[in-house]
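Student: Shown below is the structure under consideration.
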Amino acid sequence: MKRPILLHPDPRLKKTCAPLDDISDEVRVLAADMLETMYAAPGVGLAAPQVGVLSRLIVVDCVKSEEDGPARPIAMVNPEVLQASDETNVYEEGCLSIPDHFADVTRPKVVKVGWLDLDGTPREEEFDGLWATCIQHEIDHLEGKLFLDYLRPLKRQMITRKMQKLKREKAREAS
Ligand code: K1U
Ligand code: ZN
């Protein structure tokens with residue numbers, strides 16, 4: 001089932017999320033719903049707080065088109081960056097909670113990530129390129145951090161004001 005994506009500014013997007021101690025069927029349903037929501041958006045990642053759940057769960061699939069190979073959906077429970085390269089990469093990031101706004105963000109180019117899969121098995125893998133950028137962006141969501149927090153205050157303020165206006169318009173349309 002697709003779930004609504006929260007839009008910035010929303011206090012739930014600023015919260016630190018709690019680790020998941022138990023990988024229950026409820027968590028597996030949430031992960032499936034998040035993947036459906038992410039593909040429908042469309043997006044390449046989604047974090048649980050973006051659908052209003054303040055738990056440490058993210059989903060990613062950075063295979064953008066069939067030409068790039070088969071889809072590779074990954075659900076990560078309690079993901080952590082274990083190692084990050086000194087070499088950095090600049091990517092023009094977007095966010096499904098901040099639609100139509102993009103900005104260059106500099107992050108480590110390669111990261112080694114540890115997480116639990118949906119069976120509770122510990123996993124470790126090194127990610128590069130868009131995968132590395134996207135996973136770092138999603139882990140930031142679990143800390144209540146948005147890509148806007150890397151920008152200069154003036155640009156952050158400008159985007160936030162535009163988003164406040166968009167949310168007012170959407171609320172008016174819905175009433
Ligand atoms: O967390 C999110 O809001 C999802 C976000 C992830 C992300 C994208 C780019 C750089 C860092 C993190 C998105 O998926 S935005 C949409 C997007 O980038 C995209 C959509 C369709 C095809 C390819 C990319
Ligand atoms: Zn985002």
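As shown in the structure tokens, the chain order sets the letters A, B, ...; within each chain, residues go from 1, and ligands are also counted from 1 in the order they appear.
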Env of segment 138-148 of chain A: 7 Å cut, atoms = only C-alpha atoms, seq-sep filter 4 positions within chain, self excluded. Answer as a VMD selection string.

Tutor: chain A and resid 13 to 17 45 to 47 49 56 58 79 134 156

Student: Mind writing the picked residues with C-alpha atoms as a short mmCIF file (atom, residue, chain, number, x, y, z; two decimals), in the first residue's frame?

Tutor:
data_model
loop_
_atom_site.label_atom_id
_atom_site.label_comp_id
_atom_site.auth_asym_id
_atom_site.auth_seq_id
_atom_site.Cartn_x
_atom_site.Cartn_y
_atom_site.Cartn_z
CA LEU A 13 11.17 15.24 9.70
CA LYS A 14 13.40 16.88 12.36
CA LYS A 15 13.32 14.02 14.89
CA THR A 16 16.03 11.42 15.64
CA CYS A 17 14.54 7.99 14.90
CA GLY A 45 15.32 6.14 -1.74
CA LEU A 46 12.90 6.70 1.13
CA ALA A 47 13.29 6.83 4.92
CA PRO A 49 10.19 9.29 8.94
CA ARG A 56 15.48 3.46 11.73
CA ILE A 58 15.31 3.02 4.90
CA PRO A 79 21.76 1.27 8.85
CA CYS A 134 21.43 8.21 -1.60
CA ARG A 156 17.56 27.08 3.01
#

Student: Can you work out which residues are within 6 Å of ligand 1, considering only C-alpha atoms and all ligand atoms, and then hand them over as a PyMOL selection string?

Tutor: chain A and resi 42-46+64+93-97+133-134+137-138

Student: Find the residue from A:Ile98, A:Leu130, A:Leu151, A:Val59 that sits nearest to ligand 2; use only C-alpha atoms and all ligand atoms when measuring.

Tutor: A:Ile98

Student: Among chain A, which residues does DSSP mark as alpha helix (DSSP H) when it is run on the backbone? Keep the chain and numbering as in the structure and answer as a PyMOL selection string.

Tutor: chain A and resi 25-40+129-142+153-174

Student: Using the selection just defined, write its residues with N, CA and C atoms as a compact mmCIF listing (two decimals), in the first residue's frame.

Tutor:
# COMPACT_ATOMS: atom_id res chain seq x y z
N ASP A 25 6.58 -8.66 11.44
CA ASP A 25 5.84 -8.57 10.17
C ASP A 25 5.42 -7.13 9.90
N GLU A 26 5.16 -6.39 10.97
CA GLU A 26 4.76 -4.98 10.80
C GLU A 26 5.88 -4.18 10.11
N VAL A 27 7.13 -4.49 10.50
CA VAL A 27 8.29 -3.81 9.87
C VAL A 27 8.41 -4.24 8.41
N ARG A 28 8.18 -5.54 8.14
CA ARG A 28 8.26 -6.03 6.74
C ARG A 28 7.18 -5.39 5.87
N VAL A 29 5.98 -5.21 6.43
CA VAL A 29 4.89 -4.54 5.68
C VAL A 29 5.26 -3.08 5.44
N LEU A 30 5.83 -2.43 6.47
CA LEU A 30 6.25 -1.03 6.31
C LEU A 30 7.29 -0.91 5.20
N ALA A 31 8.27 -1.83 5.17
CA ALA A 31 9.32 -1.78 4.14
C ALA A 31 8.71 -1.97 2.75
N ALA A 32 7.77 -2.91 2.62
CA ALA A 32 7.11 -3.14 1.32
C ALA A 32 6.33 -1.89 0.91
N ASP A 33 5.62 -1.28 1.84
CA ASP A 33 4.85 -0.06 1.55
C ASP A 33 5.79 1.08 1.14
N MET A 34 6.94 1.16 1.83
CA MET A 34 7.89 2.25 1.50
C MET A 34 8.47 2.06 0.10
N LEU A 35 8.76 0.80 -0.28
CA LEU A 35 9.28 0.56 -1.64
C LEU A 35 8.21 0.93 -2.68
N GLU A 36 6.97 0.54 -2.42
CA GLU A 36 5.88 0.87 -3.36
C GLU A 36 5.75 2.40 -3.48
N THR A 37 5.82 3.08 -2.34
CA THR A 37 5.70 4.55 -2.31
C THR A 37 6.87 5.20 -3.06
N MET A 38 8.09 4.66 -2.82
CA MET A 38 9.29 5.20 -3.48
C MET A 38 9.22 5.03 -5.00
N TYR A 39 8.86 3.82 -5.48
CA TYR A 39 8.81 3.58 -6.93
C TYR A 39 7.73 4.46 -7.57
N ALA A 40 6.60 4.65 -6.86
CA ALA A 40 5.49 5.42 -7.43
C ALA A 40 5.84 6.90 -7.53
N GLY A 129 29.14 6.14 -5.87
CA GLY A 129 28.28 6.88 -6.80
C GLY A 129 26.95 7.25 -6.18
N LEU A 130 25.88 7.15 -7.00
CA LEU A 130 24.54 7.55 -6.52
C LEU A 130 24.10 6.70 -5.31
N TRP A 131 24.49 5.40 -5.31
CA TRP A 131 24.12 4.56 -4.15
C TRP A 131 24.67 5.16 -2.85
N ALA A 132 25.94 5.56 -2.87
CA ALA A 132 26.57 6.10 -1.66
C ALA A 132 25.88 7.41 -1.25
N THR A 133 25.62 8.27 -2.24
CA THR A 133 24.95 9.55 -1.96
C THR A 133 23.58 9.31 -1.36
N CYS A 134 22.81 8.44 -2.01
CA CYS A 134 21.43 8.21 -1.60
C CYS A 134 21.36 7.59 -0.20
N ILE A 135 22.21 6.59 0.07
CA ILE A 135 22.17 5.95 1.40
C ILE A 135 22.54 6.97 2.49
N GLN A 136 23.53 7.84 2.22
CA GLN A 136 23.89 8.87 3.22
C GLN A 136 22.72 9.84 3.42
N HIS A 137 22.05 10.21 2.32
CA HIS A 137 20.89 11.12 2.40
C HIS A 137 19.80 10.46 3.27
N GLU A 138 19.57 9.15 3.06
CA GLU A 138 18.50 8.47 3.81
C GLU A 138 18.88 8.31 5.29
N ILE A 139 20.15 8.01 5.56
CA ILE A 139 20.57 7.88 6.97
C ILE A 139 20.45 9.25 7.66
N ASP A 140 20.74 10.33 6.93
CA ASP A 140 20.52 11.67 7.49
C ASP A 140 19.07 11.86 7.93
N HIS A 141 18.11 11.36 7.11
CA HIS A 141 16.69 11.49 7.49
C HIS A 141 16.45 10.86 8.86
N LEU A 142 17.16 9.77 9.16
CA LEU A 142 16.94 9.08 10.45
C LEU A 142 17.46 9.92 11.62
N PRO A 153 22.25 29.47 4.84
CA PRO A 153 20.96 29.78 5.48
C PRO A 153 19.98 30.48 4.54
N LEU A 154 20.47 31.37 3.68
CA LEU A 154 19.57 32.13 2.82
C LEU A 154 18.84 31.21 1.83
N LYS A 155 19.59 30.27 1.24
CA LYS A 155 18.98 29.34 0.27
C LYS A 155 18.01 28.40 1.01
N ARG A 156 18.43 27.97 2.21
CA ARG A 156 17.56 27.08 3.01
C ARG A 156 16.23 27.77 3.32
N GLN A 157 16.35 29.06 3.72
CA GLN A 157 15.17 29.85 4.08
C GLN A 157 14.24 30.04 2.87
N MET A 158 14.88 30.29 1.71
CA MET A 158 14.09 30.53 0.50
C MET A 158 13.28 29.27 0.14
N ILE A 159 13.94 28.12 0.20
CA ILE A 159 13.24 26.87 -0.15
C ILE A 159 12.14 26.58 0.89
N THR A 160 12.46 26.80 2.17
CA THR A 160 11.47 26.53 3.23
C THR A 160 10.24 27.41 3.05
N ARG A 161 10.45 28.69 2.70
CA ARG A 161 9.30 29.59 2.49
C ARG A 161 8.45 29.11 1.32
N LYS A 162 9.12 28.68 0.24
CA LYS A 162 8.36 28.18 -0.93
C LYS A 162 7.57 26.92 -0.55
N MET A 163 8.17 26.07 0.27
CA MET A 163 7.48 24.84 0.69
C MET A 163 6.29 25.17 1.60
N GLN A 164 6.44 26.20 2.47
CA GLN A 164 5.32 26.59 3.33
C GLN A 164 4.14 27.06 2.48
N LYS A 165 4.49 27.80 1.41
CA LYS A 165 3.44 28.30 0.50
C LYS A 165 2.76 27.12 -0.20
N LEU A 166 3.57 26.17 -0.69
CA LEU A 166 3.02 24.99 -1.38
C LEU A 166 2.08 24.22 -0.44
N LYS A 167 2.50 24.07 0.82
CA LYS A 167 1.67 23.32 1.77
C LYS A 167 0.36 24.06 2.06
N ARG A 168 0.42 25.40 2.14
CA ARG A 168 -0.83 26.19 2.35
C ARG A 168 -1.76 25.99 1.17
N GLU A 169 -1.19 26.03 -0.07
CA GLU A 169 -2.02 25.86 -1.27
C GLU A 169 -2.66 24.48 -1.30
N LYS A 170 -1.86 23.45 -0.96
CA LYS A 170 -2.39 22.08 -0.97
C LYS A 170 -3.51 21.93 0.07
N ALA A 171 -3.32 22.56 1.24
CA ALA A 171 -4.33 22.47 2.31
C ALA A 171 -5.63 23.16 1.86
N ARG A 172 -5.48 24.29 1.16
CA ARG A 172 -6.67 25.01 0.65
C ARG A 172 -7.41 24.15 -0.38
N GLU A 173 -6.63 23.53 -1.29
CA GLU A 173 -7.24 22.68 -2.33
C GLU A 173 -8.03 21.52 -1.69
N ALA A 174 -7.47 20.99 -0.60
CA ALA A 174 -8.07 19.80 0.03
C ALA A 174 -9.33 20.14 0.82

Student: Just the strand (DSSP E or B) stuff from segment 71-145 of chain A, please, per backbone DSSP, written as JSON, numbers by chain.

Tutor: {"A": [74, 75, 76, 77, 78, 79, 80, 81, 82, 83, 84, 88, 89, 90, 91, 92, 93, 103, 104, 105, 106, 107, 108, 111, 112, 113, 114, 115, 116, 122, 123, 124, 125, 126, 127]}

Student: Let me see the file: selected residues, C-alpha atoms, as a compact mmCIF listing (two decimals), in the first residue's frame.

Tutor:
# COMPACT_ATOMS: atom_id res chain seq x y z
CA ILE A 74 17.20 -2.95 -0.56
CA ALA A 75 15.54 -2.45 2.84
CA MET A 76 18.02 -1.52 5.57
CA VAL A 77 17.13 -1.77 9.25
CA ASN A 78 19.33 0.25 11.64
CA PRO A 79 21.76 1.27 8.85
CA GLU A 80 25.14 2.74 9.81
CA VAL A 81 28.04 4.21 7.86
CA LEU A 82 31.01 2.10 9.05
CA GLN A 83 33.68 3.75 6.88
CA ALA A 84 33.68 6.78 4.59
CA THR A 88 34.21 13.39 -1.94
CA ASN A 89 31.57 13.65 -4.61
CA VAL A 90 29.15 16.47 -5.44
CA TYR A 91 25.63 15.42 -6.45
CA GLU A 92 22.61 17.59 -7.19
CA GLU A 93 20.27 16.10 -4.59
CA ALA A 103 20.95 21.58 -4.66
CA ASP A 104 24.56 20.43 -4.86
CA VAL A 105 25.65 18.53 -1.74
CA THR A 106 29.21 17.28 -1.10
CA ARG A 107 29.53 13.91 0.64
CA PRO A 108 32.07 11.06 0.87
CA VAL A 111 30.89 4.40 2.07
CA LYS A 112 30.89 1.01 3.76
CA VAL A 113 27.45 0.47 5.27
CA GLY A 114 26.26 -2.03 7.86
CA TRP A 115 22.58 -2.92 8.41
CA LEU A 116 20.14 -5.71 9.26
CA PRO A 122 23.63 -8.52 9.50
CA ARG A 123 24.87 -7.21 6.13
CA GLU A 124 27.87 -5.09 5.10
CA GLU A 125 28.60 -3.64 1.68
CA GLU A 126 30.61 -0.85 0.07
CA PHE A 127 28.61 1.62 -2.05

Student: Which of these, A:Asp21, A:Asp149, A:Glu87, A:Asp128, has the shortest distance to ligand 2 once you count only C-alpha atoms and all ligand atoms?

Tutor: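 Of A:Asp21, A:Asp149, A:Glu87, A:Asp128, the one nearest ligand 2, counting only C-alpha atoms and all ligand atoms, is A:Asp149.
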
Student: Atom 1 (Zn, counted along the ligand's line) of ligand 2 and atom CA of Phe102 of chain A are how many Å apart?

Tutor: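 A separation of 10.8 Å between them.
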
Student: Using only C-alpha atoms and all ligand atoms, which residue out of A:Ile23, A:Val63, A:Val51, A:Ala18 lies closest to ligand 2?

Tutor: A:Val51
